[in-house]
Protein chains: 2
Amino acid sequence: MADTPRPASTLDQTLRLVGDRWSILIVRAALRGIRRFDDFCADLGIARPVLTNRLRRLVDGGILARERYQEHPPRYEYRLTPAGVALSPALVALIRWAEQHADGGEPGPALVHAPCGTEFEQGFWCRTCATTFGPSAIRAGAHRAARRRATPPRAAPRRAATR
Amino acid sequence: MADTPRPASTLDQTLRLVGDRWSILIVRAALRGIRRFDDFCADLGIARPVLTNRLRRLVDGGILARERYQEHPPRYEYRLTPAGVALSPALVALIRWAEQHADGGEPGPALVHAPCGTEFEQGFWCRTCATTFGPSAIRAGAHRAARRRATPPRAAPRRAATR
DNA sequence: CCGAGTGAGTTCTGAAACGAAACCCACTTG
DNA sequence: CAAGTGGGTTTCGTTTCAGAACTCACTCGG
């Protein structure tokens, strides 16, 4: 009971941090330049207690930094740390997917290449093959153990050790 | 109440679909080749009812397809649709971030370039500038309506909403 | 034919998270 | 000094979650 039956993989840890609707929306808003509590609140339509909670979690997770921008009535703003900025590939990929596959909603502001202001592309690059490629050329690499039997031939429902 | 005060952006819609811990973990497992209910269950350590729910949602959202692989006791398996495969850039980005920024967990099986079996890179490409670049060169582009003022200097309030 | 096994789910639970609205407080502005 | 503001916290009712146990339909081995 005290050991680790869960994978506790790095992805799992990360998802506990940003693997929810609001956190990702908050990071996107931050990328757009939003920094203050009430602005997040108004922009996202998020309930205040939830925002408090998410901001705290993102700060603890090192994605946002809470900085005092005014002394006397102490006021804070939240801005992305380098680690937070490093999330943007994931965000961009999600936004791109959303624009292609979700129907109905409005697309929201595009993210562009800062120097030239135009939209950019995102892709995979294999330096071994010196080629770019898309999602369909991905597969899972070495994996120690596929749990039970590795790949049961489909439609072989019963498979006891008849020996 | 019946209109849409919320943005209802495409990203928002997408996050309602895959914006939670389990959904993303399920997609990763599917990319690794897992297809059957019990295998997902064992691999992820997810509770059955939650898995049922997530699978149904992903199928409804067009990310997984439910296919019968055996007639008599009707058995189904879940495999990624093209739209599901198209999520992999987001997944890869998340995994990469996780491996760099999460500490403690084990990294999990790598995703590799199928033809050569080696790890690959992910990046941004601006075709206008004909250059690759990283997350720090991104900014938000044109936005039809910046909500309120873009960057308030300080204390210049406006709040005509219900209070 | 009987009993064990399997794959894919369902019901029941109690715990946690969410959302809305109200409240708080240290200040600033008119 | 009253009214605002920015940045929260409290309270409370509702929805969703996660886990254990149970069901169902079928197959297999003896």
# chains A, B, ... in the order shown; residues from 1 in each chain; ligands from 1
call {"tool": "closest_atom_pairs", "arguments": {"of": "chain B", "to": "chain D", "cutoff": "9 Å", "atoms": "only C-alpha atoms (C1' of nucleotides)", "output": "tab-separated table"}}
result
residue	atom	partner	partner_atom	distance
B:Ile46	CA	D:DA18	C1'	8.6
B:Ala47	CA	D:DA18	C1'	6.6
B:Arg48	CA	D:DG19	C1'	8.8
B:Pro49	CA	D:DA18	C1'	8.4
B:Val50	CA	D:DA18	C1'	7.5
B:His72	CA	D:DC26	C1'	7.4
B:Pro73	CA	D:DC26	C1'	5.4
B:Pro74	CA	D:DA25	C1'	8.7
B:Ala155	CA	D:DT5	C1'	7.6
B:Pro157	CA	D:DT5	C1'	7.9
call {"tool": "residues_around", "arguments": {"residues": "Gly62 (chain B)", "least_positions_apart": "5", "cutoff": "10 Å", "atoms": "only C-alpha atoms (C1' of nucleotides)", "output": "list of chain:residue names"}}
result
A:His101, B:Leu17, B:Arg56, B:Arg57, B:Leu80, B:Thr81, B:Pro82, B:Ala83, B:Gly84
call {"tool": "calpha_fit_and_write", "arguments": {"fixed": "chain B", "moving": "chain A", "output": "compact mmCIF listing (two decimals) with N, CA and C atoms, in the first residue's frame"}}
result
# COMPACT_ATOMS: atom_id res chain seq x y z
N MET A 1 -30.41 34.36 -20.95
CA MET A 1 -30.05 33.08 -20.37
C MET A 1 -29.84 32.00 -21.43
N ALA A 2 -30.56 32.14 -22.51
CA ALA A 2 -30.45 31.10 -23.54
C ALA A 2 -29.39 31.43 -24.57
N ASP A 3 -28.84 32.62 -24.49
CA ASP A 3 -27.80 32.96 -25.48
C ASP A 3 -26.46 32.40 -25.02
N THR A 4 -25.40 32.89 -25.59
CA THR A 4 -24.11 32.31 -25.27
C THR A 4 -23.22 33.28 -24.53
N PRO A 5 -23.32 33.27 -23.25
CA PRO A 5 -22.43 34.11 -22.47
C PRO A 5 -21.03 33.51 -22.44
N ARG A 6 -20.96 32.20 -22.62
CA ARG A 6 -19.67 31.53 -22.69
C ARG A 6 -19.05 31.76 -24.05
N PRO A 7 -17.72 31.76 -24.09
CA PRO A 7 -17.05 31.86 -25.39
C PRO A 7 -17.42 30.71 -26.31
N ALA A 8 -17.47 29.49 -25.79
CA ALA A 8 -17.72 28.30 -26.61
C ALA A 8 -16.70 28.23 -27.73
N SER A 9 -15.46 28.56 -27.40
CA SER A 9 -14.43 28.52 -28.41
C SER A 9 -14.10 27.08 -28.77
N THR A 10 -13.38 26.93 -29.86
CA THR A 10 -13.03 25.58 -30.28
C THR A 10 -12.13 24.91 -29.23
N LEU A 11 -11.26 25.71 -28.64
CA LEU A 11 -10.39 25.14 -27.62
C LEU A 11 -11.21 24.64 -26.44
N ASP A 12 -12.21 25.42 -26.10
CA ASP A 12 -13.08 25.04 -25.01
C ASP A 12 -13.76 23.70 -25.31
N GLN A 13 -14.27 23.57 -26.51
CA GLN A 13 -14.90 22.31 -26.90
C GLN A 13 -13.92 21.16 -26.80
N THR A 14 -12.73 21.39 -27.29
CA THR A 14 -11.72 20.35 -27.28
C THR A 14 -11.38 19.94 -25.86
N LEU A 15 -11.28 20.93 -25.00
CA LEU A 15 -10.91 20.61 -23.63
C LEU A 15 -12.00 19.84 -22.91
N ARG A 16 -13.22 20.04 -23.34
CA ARG A 16 -14.28 19.24 -22.75
C ARG A 16 -14.12 17.78 -23.11
N LEU A 17 -13.45 17.55 -24.21
CA LEU A 17 -13.24 16.19 -24.70
C LEU A 17 -11.98 15.57 -24.08
N VAL A 18 -10.87 16.27 -24.23
CA VAL A 18 -9.60 15.68 -23.79
C VAL A 18 -8.96 16.48 -22.67
N GLY A 19 -9.66 17.45 -22.14
CA GLY A 19 -9.06 18.30 -21.12
C GLY A 19 -9.14 17.70 -19.74
N ASP A 20 -8.81 16.45 -19.62
CA ASP A 20 -8.72 15.90 -18.29
C ASP A 20 -7.63 14.85 -18.24
N ARG A 21 -7.16 14.66 -17.04
CA ARG A 21 -6.04 13.77 -16.78
C ARG A 21 -6.16 12.44 -17.51
N TRP A 22 -7.22 11.74 -17.29
CA TRP A 22 -7.32 10.39 -17.82
C TRP A 22 -7.37 10.35 -19.33
N SER A 23 -8.10 11.23 -19.93
CA SER A 23 -8.19 11.19 -21.39
C SER A 23 -6.82 11.30 -22.02
N ILE A 24 -6.02 12.20 -21.52
CA ILE A 24 -4.71 12.38 -22.11
C ILE A 24 -3.84 11.16 -21.86
N LEU A 25 -3.92 10.64 -20.66
CA LEU A 25 -3.15 9.44 -20.35
C LEU A 25 -3.61 8.27 -21.25
N ILE A 26 -4.87 8.21 -21.53
CA ILE A 26 -5.38 7.15 -22.40
C ILE A 26 -4.84 7.31 -23.81
N VAL A 27 -4.82 8.54 -24.29
CA VAL A 27 -4.29 8.76 -25.63
C VAL A 27 -2.81 8.38 -25.68
N ARG A 28 -2.09 8.72 -24.63
CA ARG A 28 -0.68 8.34 -24.63
C ARG A 28 -0.53 6.82 -24.64
N ALA A 29 -1.32 6.17 -23.85
CA ALA A 29 -1.25 4.70 -23.83
C ALA A 29 -1.59 4.14 -25.21
N ALA A 30 -2.57 4.73 -25.85
CA ALA A 30 -2.96 4.26 -27.18
C ALA A 30 -1.81 4.45 -28.17
N LEU A 31 -1.12 5.56 -28.03
CA LEU A 31 0.03 5.80 -28.90
C LEU A 31 1.12 4.77 -28.67
N ARG A 32 1.18 4.26 -27.47
CA ARG A 32 2.17 3.24 -27.17
C ARG A 32 1.73 1.88 -27.68
N GLY A 33 0.52 1.79 -28.15
CA GLY A 33 0.08 0.53 -28.73
C GLY A 33 -0.92 -0.24 -27.91
N ILE A 34 -1.34 0.33 -26.81
CA ILE A 34 -2.33 -0.35 -25.98
C ILE A 34 -3.70 -0.18 -26.61
N ARG A 35 -4.46 -1.28 -26.61
CA ARG A 35 -5.74 -1.22 -27.31
C ARG A 35 -6.90 -1.82 -26.53
N ARG A 36 -6.63 -2.69 -25.60
CA ARG A 36 -7.73 -3.41 -24.97
C ARG A 36 -8.09 -2.84 -23.61
N PHE A 37 -9.35 -3.01 -23.31
CA PHE A 37 -9.90 -2.49 -22.06
C PHE A 37 -9.03 -2.82 -20.85
N ASP A 38 -8.79 -4.09 -20.65
CA ASP A 38 -8.05 -4.48 -19.45
C ASP A 38 -6.61 -4.00 -19.46
N ASP A 39 -6.07 -3.85 -20.64
CA ASP A 39 -4.70 -3.37 -20.69
C ASP A 39 -4.62 -1.89 -20.31
N PHE A 40 -5.59 -1.13 -20.78
CA PHE A 40 -5.65 0.26 -20.35
C PHE A 40 -5.78 0.31 -18.83
N CYS A 41 -6.66 -0.51 -18.37
CA CYS A 41 -6.96 -0.54 -16.95
C CYS A 41 -5.71 -0.81 -16.13
N ALA A 42 -4.98 -1.84 -16.52
CA ALA A 42 -3.79 -2.23 -15.77
C ALA A 42 -2.68 -1.21 -15.95
N ASP A 43 -2.52 -0.72 -17.15
CA ASP A 43 -1.42 0.18 -17.43
C ASP A 43 -1.58 1.52 -16.73
N LEU A 44 -2.80 2.01 -16.70
CA LEU A 44 -3.02 3.34 -16.16
C LEU A 44 -3.41 3.34 -14.69
N GLY A 45 -3.89 2.20 -14.22
CA GLY A 45 -4.40 2.19 -12.86
C GLY A 45 -5.67 2.99 -12.72
N ILE A 46 -6.45 2.98 -13.76
CA ILE A 46 -7.70 3.74 -13.77
C ILE A 46 -8.84 2.82 -13.33
N ALA A 47 -9.79 3.38 -12.65
CA ALA A 47 -10.95 2.58 -12.23
C ALA A 47 -11.78 2.22 -13.45
N ARG A 48 -12.35 1.05 -13.45
CA ARG A 48 -13.07 0.58 -14.63
C ARG A 48 -14.23 1.47 -15.06
N PRO A 49 -15.06 1.91 -14.17
CA PRO A 49 -16.17 2.75 -14.63
C PRO A 49 -15.67 4.02 -15.30
N VAL A 50 -14.62 4.56 -14.76
CA VAL A 50 -14.07 5.78 -15.33
C VAL A 50 -13.51 5.50 -16.71
N LEU A 51 -12.86 4.36 -16.85
CA LEU A 51 -12.32 3.99 -18.15
C LEU A 51 -13.45 3.82 -19.16
N THR A 52 -14.47 3.15 -18.78
CA THR A 52 -15.63 2.99 -19.66
C THR A 52 -16.11 4.34 -20.16
N ASN A 53 -16.27 5.23 -19.24
CA ASN A 53 -16.75 6.57 -19.54
C ASN A 53 -15.81 7.30 -20.49
N ARG A 54 -14.52 7.30 -20.19
CA ARG A 54 -13.57 8.02 -21.02
C ARG A 54 -13.49 7.43 -22.40
N LEU A 55 -13.47 6.11 -22.49
CA LEU A 55 -13.38 5.48 -23.80
C LEU A 55 -14.58 5.87 -24.64
N ARG A 56 -15.73 5.85 -24.02
CA ARG A 56 -16.92 6.20 -24.77
C ARG A 56 -16.83 7.65 -25.27
N ARG A 57 -16.36 8.50 -24.39
CA ARG A 57 -16.28 9.90 -24.77
C ARG A 57 -15.28 10.10 -25.91
N LEU A 58 -14.16 9.42 -25.81
CA LEU A 58 -13.15 9.58 -26.85
C LEU A 58 -13.63 8.99 -28.17
N VAL A 59 -14.38 7.92 -28.10
CA VAL A 59 -14.95 7.35 -29.32
C VAL A 59 -15.97 8.32 -29.92
N ASP A 60 -16.83 8.85 -29.09
CA ASP A 60 -17.81 9.82 -29.58
C ASP A 60 -17.13 11.05 -30.16
N GLY A 61 -16.02 11.42 -29.57
CA GLY A 61 -15.32 12.60 -30.05
C GLY A 61 -14.45 12.33 -31.26
N GLY A 62 -14.43 11.09 -31.71
CA GLY A 62 -13.69 10.79 -32.93
C GLY A 62 -12.20 10.60 -32.73
N ILE A 63 -11.79 10.40 -31.51
CA ILE A 63 -10.37 10.25 -31.25
C ILE A 63 -9.96 8.78 -31.24
N LEU A 64 -10.85 7.96 -30.75
CA LEU A 64 -10.62 6.52 -30.78
C LEU A 64 -11.70 5.87 -31.63
N ALA A 65 -11.37 4.73 -32.19
CA ALA A 65 -12.37 3.93 -32.89
C ALA A 65 -12.50 2.60 -32.17
N ARG A 66 -13.73 2.17 -32.02
CA ARG A 66 -13.97 0.92 -31.33
C ARG A 66 -14.18 -0.15 -32.39
N GLU A 67 -13.31 -1.11 -32.41
CA GLU A 67 -13.38 -2.12 -33.46
C GLU A 67 -13.50 -3.51 -32.89
N ARG A 68 -14.36 -4.30 -33.48
CA ARG A 68 -14.53 -5.67 -33.03
C ARG A 68 -13.37 -6.48 -33.59
N TYR A 69 -12.70 -7.21 -32.73
CA TYR A 69 -11.56 -7.98 -33.22
C TYR A 69 -11.84 -9.46 -33.07
N GLN A 70 -13.01 -9.79 -32.59
CA GLN A 70 -13.33 -11.18 -32.38
C GLN A 70 -14.84 -11.27 -32.39
N GLU A 71 -15.36 -12.27 -33.05
CA GLU A 71 -16.80 -12.33 -33.24
C GLU A 71 -17.53 -12.93 -32.05
N HIS A 72 -17.18 -14.15 -31.76
CA HIS A 72 -18.13 -14.90 -30.98
C HIS A 72 -18.43 -14.41 -29.59
N PRO A 73 -17.49 -14.32 -28.74
CA PRO A 73 -17.81 -13.43 -27.64
C PRO A 73 -17.36 -12.08 -28.14
N PRO A 74 -18.25 -11.20 -28.49
CA PRO A 74 -17.82 -9.98 -29.16
C PRO A 74 -16.84 -9.20 -28.31
N ARG A 75 -15.65 -9.03 -28.85
CA ARG A 75 -14.62 -8.32 -28.14
C ARG A 75 -14.18 -7.12 -28.97
N TYR A 76 -13.90 -6.04 -28.26
CA TYR A 76 -13.57 -4.80 -28.97
C TYR A 76 -12.20 -4.30 -28.59
N GLU A 77 -11.63 -3.55 -29.48
CA GLU A 77 -10.42 -2.84 -29.11
C GLU A 77 -10.52 -1.40 -29.58
N TYR A 78 -9.72 -0.57 -28.96
CA TYR A 78 -9.79 0.85 -29.21
C TYR A 78 -8.50 1.29 -29.83
N ARG A 79 -8.60 1.90 -30.98
CA ARG A 79 -7.37 2.41 -31.57
C ARG A 79 -7.56 3.83 -32.07
N LEU A 80 -6.46 4.53 -32.13
CA LEU A 80 -6.52 5.94 -32.49
C LEU A 80 -6.99 6.11 -33.93
N THR A 81 -7.86 7.05 -34.13
CA THR A 81 -8.23 7.46 -35.48
C THR A 81 -7.17 8.45 -35.96
N PRO A 82 -7.23 8.86 -37.23
CA PRO A 82 -6.31 9.92 -37.68
C PRO A 82 -6.42 11.17 -36.80
N ALA A 83 -7.63 11.51 -36.42
CA ALA A 83 -7.77 12.68 -35.54
C ALA A 83 -7.07 12.43 -34.21
N GLY A 84 -7.13 11.21 -33.75
CA GLY A 84 -6.45 10.87 -32.50
C GLY A 84 -4.95 10.97 -32.65
N VAL A 85 -4.45 10.48 -33.75
CA VAL A 85 -3.01 10.58 -34.00
C VAL A 85 -2.60 12.05 -34.10
N ALA A 86 -3.51 12.85 -34.64
CA ALA A 86 -3.21 14.27 -34.80
C ALA A 86 -3.07 14.99 -33.47
N LEU A 87 -3.44 14.32 -32.41
CA LEU A 87 -3.25 14.93 -31.09
C LEU A 87 -1.81 14.81 -30.62
N SER A 88 -1.02 14.01 -31.30
CA SER A 88 0.31 13.75 -30.74
C SER A 88 1.19 14.97 -30.61
N PRO A 89 1.10 15.98 -31.48
CA PRO A 89 1.93 17.16 -31.19
C PRO A 89 1.64 17.73 -29.81
N ALA A 90 0.38 17.77 -29.45
CA ALA A 90 0.04 18.29 -28.13
C ALA A 90 0.60 17.39 -27.05
N LEU A 91 0.49 16.11 -27.28
CA LEU A 91 0.96 15.16 -26.30
C LEU A 91 2.47 15.24 -26.15
N VAL A 92 3.14 15.31 -27.28
CA VAL A 92 4.60 15.40 -27.25
C VAL A 92 5.02 16.66 -26.49
N ALA A 93 4.36 17.75 -26.77
CA ALA A 93 4.72 19.00 -26.10
C ALA A 93 4.52 18.88 -24.60
N LEU A 94 3.44 18.26 -24.23
CA LEU A 94 3.15 18.08 -22.82
C LEU A 94 4.19 17.17 -22.17
N ILE A 95 4.54 16.10 -22.85
CA ILE A 95 5.52 15.17 -22.31
C ILE A 95 6.88 15.85 -22.17
N ARG A 96 7.24 16.63 -23.17
CA ARG A 96 8.52 17.33 -23.09
C ARG A 96 8.53 18.30 -21.92
N TRP A 97 7.44 19.02 -21.79
CA TRP A 97 7.36 19.96 -20.68
C TRP A 97 7.48 19.20 -19.36
N ALA A 98 6.75 18.12 -19.29
CA ALA A 98 6.74 17.33 -18.06
C ALA A 98 8.14 16.86 -17.70
N GLU A 99 8.88 16.41 -18.70
CA GLU A 99 10.20 15.88 -18.41
C GLU A 99 11.15 16.96 -17.94
N GLN A 100 10.91 18.17 -18.42
CA GLN A 100 11.80 19.25 -18.00
C GLN A 100 11.41 19.87 -16.66
N HIS A 101 10.12 19.91 -16.42
CA HIS A 101 9.68 20.69 -15.27
C HIS A 101 9.12 19.91 -14.10
N ALA A 102 8.73 18.68 -14.32
CA ALA A 102 8.22 17.91 -13.19
C ALA A 102 9.40 17.18 -12.58
N ASP A 103 9.44 17.15 -11.28
CA ASP A 103 10.56 16.43 -10.68
C ASP A 103 10.06 15.20 -9.96
N GLY A 104 10.89 14.21 -9.92
CA GLY A 104 10.53 13.02 -9.17
C GLY A 104 10.11 11.85 -10.03
N GLY A 105 9.10 12.05 -10.82
CA GLY A 105 8.55 10.92 -11.57
C GLY A 105 9.52 10.35 -12.58
N GLU A 106 9.24 9.14 -12.98
CA GLU A 106 10.08 8.57 -14.02
C GLU A 106 9.55 9.02 -15.37
N PRO A 107 10.47 9.16 -16.32
CA PRO A 107 10.12 9.81 -17.58
C PRO A 107 9.19 9.04 -18.50
N GLY A 108 9.11 7.75 -18.36
CA GLY A 108 8.24 7.02 -19.28
C GLY A 108 8.89 6.85 -20.63
N PRO A 109 8.29 6.02 -21.47
CA PRO A 109 8.90 5.71 -22.75
C PRO A 109 8.92 6.92 -23.65
N ALA A 110 10.03 7.12 -24.30
CA ALA A 110 10.13 8.26 -25.21
C ALA A 110 9.37 7.98 -26.49
N LEU A 111 8.94 9.04 -27.12
CA LEU A 111 8.36 8.91 -28.45
C LEU A 111 9.46 9.25 -29.44
N VAL A 112 9.60 8.42 -30.44
CA VAL A 112 10.72 8.61 -31.37
C VAL A 112 10.23 8.68 -32.81
N HIS A 113 11.14 9.11 -33.66
CA HIS A 113 10.87 9.16 -35.09
C HIS A 113 10.89 7.73 -35.62
N ALA A 114 9.79 7.29 -36.16
CA ALA A 114 9.64 5.88 -36.52
C ALA A 114 10.74 5.35 -37.46
N PRO A 115 11.05 6.05 -38.56
CA PRO A 115 12.05 5.50 -39.48
C PRO A 115 13.41 5.25 -38.86
N CYS A 116 13.87 6.14 -37.99
CA CYS A 116 15.22 5.99 -37.49
C CYS A 116 15.28 5.60 -36.03
N GLY A 117 14.19 5.76 -35.32
CA GLY A 117 14.17 5.34 -33.92
C GLY A 117 14.83 6.28 -32.94
N THR A 118 15.17 7.48 -33.38
CA THR A 118 15.80 8.40 -32.44
C THR A 118 14.82 9.48 -32.01
N GLU A 119 15.17 10.13 -30.94
CA GLU A 119 14.31 11.20 -30.45
C GLU A 119 14.37 12.39 -31.40
N PHE A 120 13.31 13.14 -31.39
CA PHE A 120 13.23 14.24 -32.34
C PHE A 120 12.96 15.52 -31.58
N GLU A 121 12.93 16.61 -32.32
CA GLU A 121 12.63 17.89 -31.69
C GLU A 121 11.32 18.44 -32.20
N GLN A 122 10.80 19.33 -31.41
CA GLN A 122 9.54 19.96 -31.80
C GLN A 122 9.77 21.45 -31.76
N GLY A 123 9.29 22.14 -32.75
CA GLY A 123 9.53 23.58 -32.74
C GLY A 123 8.55 24.34 -33.59
N PHE A 124 8.72 25.64 -33.59
CA PHE A 124 7.88 26.51 -34.39
C PHE A 124 8.66 26.98 -35.61
N TRP A 125 7.93 27.19 -36.65
CA TRP A 125 8.55 27.61 -37.89
C TRP A 125 7.72 28.74 -38.48
N CYS A 126 8.37 29.87 -38.74
CA CYS A 126 7.66 30.97 -39.37
C CYS A 126 8.07 31.01 -40.83
N ARG A 127 7.10 30.85 -41.70
CA ARG A 127 7.49 30.80 -43.12
C ARG A 127 7.67 32.20 -43.68
N THR A 128 7.11 33.18 -43.01
CA THR A 128 7.35 34.55 -43.46
C THR A 128 8.81 34.94 -43.23
N CYS A 129 9.27 34.63 -42.03
CA CYS A 129 10.64 34.99 -41.70
C CYS A 129 11.62 33.88 -42.06
N ALA A 130 11.10 32.74 -42.46
CA ALA A 130 11.94 31.57 -42.77
C ALA A 130 12.90 31.27 -41.62
N THR A 131 12.33 31.18 -40.44
CA THR A 131 13.16 30.91 -39.27
C THR A 131 12.42 30.04 -38.26
N THR A 132 13.19 29.34 -37.49
CA THR A 132 12.57 28.60 -36.38
C THR A 132 12.69 29.45 -35.13
N PHE A 133 11.83 29.18 -34.19
CA PHE A 133 11.89 29.96 -32.96
C PHE A 133 11.23 29.21 -31.82
N GLY A 134 11.40 29.73 -30.63
CA GLY A 134 10.85 29.07 -29.45
C GLY A 134 9.66 29.79 -28.87
N PRO A 135 9.16 29.28 -27.76
CA PRO A 135 7.92 29.78 -27.15
C PRO A 135 7.94 31.27 -26.82
N SER A 136 9.11 31.81 -26.53
CA SER A 136 9.13 33.19 -26.06
C SER A 136 8.85 34.18 -27.19
N ALA A 137 8.90 33.72 -28.42
CA ALA A 137 8.64 34.63 -29.55
C ALA A 137 7.18 34.60 -30.00
N ILE A 138 6.35 34.09 -29.15
CA ILE A 138 4.93 34.03 -29.48
C ILE A 138 4.18 35.16 -28.80
N ARG A 139 3.22 35.72 -29.49
CA ARG A 139 2.31 36.63 -28.81
C ARG A 139 0.92 36.45 -29.40
N ALA A 140 -0.06 37.01 -28.73
CA ALA A 140 -1.42 36.90 -29.22
C ALA A 140 -1.61 37.84 -30.40
N GLY A 141 -2.29 37.36 -31.43
CA GLY A 141 -2.53 38.18 -32.61
C GLY A 141 -3.77 39.01 -32.47
N ALA A 142 -4.31 39.41 -33.59
CA ALA A 142 -5.47 40.29 -33.59
C ALA A 142 -6.60 39.72 -32.74
N HIS A 143 -7.15 40.60 -31.97
CA HIS A 143 -8.22 40.20 -31.08
C HIS A 143 -9.25 41.31 -31.12
N ARG A 144 -10.48 40.95 -31.42
CA ARG A 144 -11.45 42.04 -31.62
C ARG A 144 -11.61 42.99 -30.44
N ALA A 145 -11.89 42.46 -29.26
CA ALA A 145 -12.14 43.34 -28.13
C ALA A 145 -11.59 42.72 -26.87
N ALA A 146 -10.81 43.47 -26.15
CA ALA A 146 -10.19 42.96 -24.94
C ALA A 146 -11.12 43.11 -23.74
N ARG A 147 -12.38 42.87 -23.98
CA ARG A 147 -13.36 42.90 -22.89
C ARG A 147 -13.76 44.31 -22.49
N ARG A 148 -13.14 44.89 -21.53
CA ARG A 148 -13.50 46.24 -21.10
C ARG A 148 -12.47 47.21 -21.66
N ARG A 149 -11.87 47.99 -20.82
CA ARG A 149 -10.77 48.81 -21.34
C ARG A 149 -9.69 47.85 -21.78
N ALA A 150 -8.93 48.28 -22.76
CA ALA A 150 -8.00 47.35 -23.36
C ALA A 150 -6.86 46.98 -22.42
N THR A 151 -6.10 47.94 -22.00
CA THR A 151 -4.98 47.66 -21.12
C THR A 151 -4.86 48.80 -20.12
N PRO A 152 -5.44 48.61 -18.97
CA PRO A 152 -5.38 49.67 -17.97
C PRO A 152 -3.94 49.85 -17.55
N PRO A 153 -3.47 51.07 -17.54
CA PRO A 153 -2.11 51.31 -17.10
C PRO A 153 -2.04 50.82 -15.68
N ARG A 154 -1.10 50.00 -15.35
CA ARG A 154 -1.11 49.40 -14.03
C ARG A 154 -0.99 50.47 -12.97
N ALA A 155 -1.42 50.17 -11.79
CA ALA A 155 -1.39 51.10 -10.67
C ALA A 155 -2.22 52.35 -10.94
N ALA A 156 -3.31 52.18 -11.65
CA ALA A 156 -4.28 53.26 -11.81
C ALA A 156 -5.62 52.67 -11.42
N PRO A 157 -5.76 52.40 -10.15
CA PRO A 157 -6.87 51.56 -9.69
C PRO A 157 -8.25 52.18 -9.92
N ARG A 158 -8.35 53.44 -9.78
CA ARG A 158 -9.67 54.05 -9.94
C ARG A 158 -9.67 54.83 -11.24
N ARG A 159 -10.69 54.70 -12.00
CA ARG A 159 -10.67 55.32 -13.33
C ARG A 159 -12.11 55.58 -13.76
N ALA A 160 -12.74 56.53 -13.17
CA ALA A 160 -14.13 56.81 -13.55
C ALA A 160 -14.14 57.84 -14.67
N ALA A 161 -15.28 57.99 -15.27
CA ALA A 161 -15.40 58.91 -16.40
C ALA A 161 -15.53 60.33 -15.91
N THR A 162 -14.49 60.86 -15.37
CA THR A 162 -14.51 62.25 -14.92
C THR A 162 -14.40 63.17 -16.12
N ARG A 163 -15.48 63.61 -16.56
CA ARG A 163 -15.45 64.40 -17.77
C ARG A 163 -16.12 65.72 -17.54
call {"tool": "interface_residues", "arguments": {"of": "chain C", "to": "chain A", "cutoff": "12 Å", "atoms": "only C-alpha atoms (C1' of nucleotides)", "output": "ChimeraX atom specification"}}
result
/C:5-7,17-21,25-28
